[in-house]
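Asker: Below: one structure in structure tokens.
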Amino acid sequence: MAPSDDYKLTDLDYLIGDHHLQMIKAALPYLNVPEQKAVSVFVKCQELRKTMELFETEEIASMGICSLEKQEKKGSLRDLLHAIRPYGNPAERDMIDMAENLMEGQTPMEQLRRFLSPEQQSRLETMQMVMSAIQAMA
């Protein structure tokens, strides 16, 4: 996978990683394939170990996640969508936006209208007026 400006790290990534692991990851392309496999597994094991330690020492509170002792109100679905949106690709971000807009009460037709050019929007409005007129006469 090629490096991408769209790839972002989460708070968890920052808490379980360190610059030494990043240095090891950067060295991977310079190793032979069997060594790459072994070193990659080592790095992931270190990250897993740090994750387990994180939950044991309750540092998890620094991420804003509720501790086991004190259950607070969970965030809403809208909050969840807002949190995951920056990590999605453009198509996934569009889907999240659409879900959020539907949660705000926008109809699928209003969603469709956003993707139309002004000329197409005008035609759609004309068609809707004609349909309304036909329904009124029935």
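Ordering of the structure tokens sets the chain letters (A, B, ...), residue numbers begin anew at 1 in every chain, and ligands are numbered from 1 in the order given.
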With only C-alpha atoms as the counted atoms, please give the residues lying no more than 10 Å from stretch 112-114 of chain A, apart from itself and same-chain residues fewer than 4 positions off, as a PyMOL selection string.

Answerer: chain A and resi 98+107-108+118+120-122+124-125

Asker: Name all residues at most 7 Å from stretch 10-22 of chain A (count only C-alpha atoms; drop same-chain ones fewer than 2 positions away) and give them as a PyMOL selection string.

Answerer: chain A and resi 8+24-26+43+47+50-51+63

Asker: Can you write out the residues you just picked, keeping C-alpha atoms, as a PDB file, in the first residue's frame?

Answerer:
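Now in again.pdb:
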ATOM      1  CA  LYS A   8      -4.864   9.383   9.538  1.00  0.00           C
ATOM      2  CA  ILE A  24      11.188  -0.415  12.656  1.00  0.00           C
ATOM      3  CA  LYS A  25       8.238  -0.125  10.258  1.00  0.00           C
ATOM      4  CA  ALA A  26      10.196   2.301   8.081  1.00  0.00           C
ATOM      5  CA  VAL A  43       5.712  -4.862  15.765  1.00  0.00           C
ATOM      6  CA  GLU A  47       1.246  -2.821  19.710  1.00  0.00           C
ATOM      7  CA  LYS A  50       0.711  -1.890  24.681  1.00  0.00           C
ATOM      8  CA  THR A  51      -3.027  -2.008  23.998  1.00  0.00           C
ATOM      9  CA  MET A  63      -8.981   8.896  24.904  1.00  0.00           C
TER      10      MET A  63
END

Asker: Give me the residues near A:His82 as a list in words, where near means some atom within 9 Å (using only C-alpha atoms) and where sequence neighbours in that chain fewer than 6 positions away do not count.

Answerer: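 Residues meeting the cut-off are Ile96, Asp97 and Glu100 of chain A.
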
Asker: Deliver the residues from the most recent selection as a file, using all heavy atoms, as a CSV table (one decimal), in the first residue's frame.

Answerer:
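Everything below was put into again.csv:
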chain,number,residue,atom,x,y,z
A,96,ILE,N,-21.4,8.5,4.7
A,96,ILE,CA,-21.6,9.0,6.1
A,96,ILE,C,-22.4,10.3,6.1
A,96,ILE,O,-23.3,10.5,6.9
A,96,ILE,CB,-20.3,9.2,6.8
A,96,ILE,CG1,-19.7,7.8,7.1
A,96,ILE,CG2,-20.4,9.9,8.1
A,96,ILE,CD1,-18.3,7.8,7.5
A,97,ASP,N,-22.0,11.2,5.1
A,97,ASP,CA,-22.7,12.5,5.0
A,97,ASP,C,-24.2,12.3,4.7
A,97,ASP,O,-25.1,12.9,5.2
A,97,ASP,CB,-22.1,13.4,3.9
A,97,ASP,CG,-20.7,13.9,4.3
A,97,ASP,OD1,-20.4,13.9,5.5
A,97,ASP,OD2,-20.0,14.3,3.4
A,100,GLU,N,-26.0,11.1,7.8
A,100,GLU,CA,-26.2,12.2,8.7
A,100,GLU,C,-27.3,13.1,8.2
A,100,GLU,O,-28.2,13.5,9.0
A,100,GLU,CB,-24.9,13.0,8.9
A,100,GLU,CG,-23.8,12.3,9.7
A,100,GLU,CD,-22.6,13.2,9.9
A,100,GLU,OE1,-22.2,13.9,8.9
A,100,GLU,OE2,-21.9,13.0,10.9

Asker: Using DSSP on the backbone coordinates, identify all residues within chain A classified as alpha helix (DSSP H); present the result as a ChimeraX atom specification.

Answerer: /A:11-16,19-27,33-56,77-84,90-103,108-114,118-137
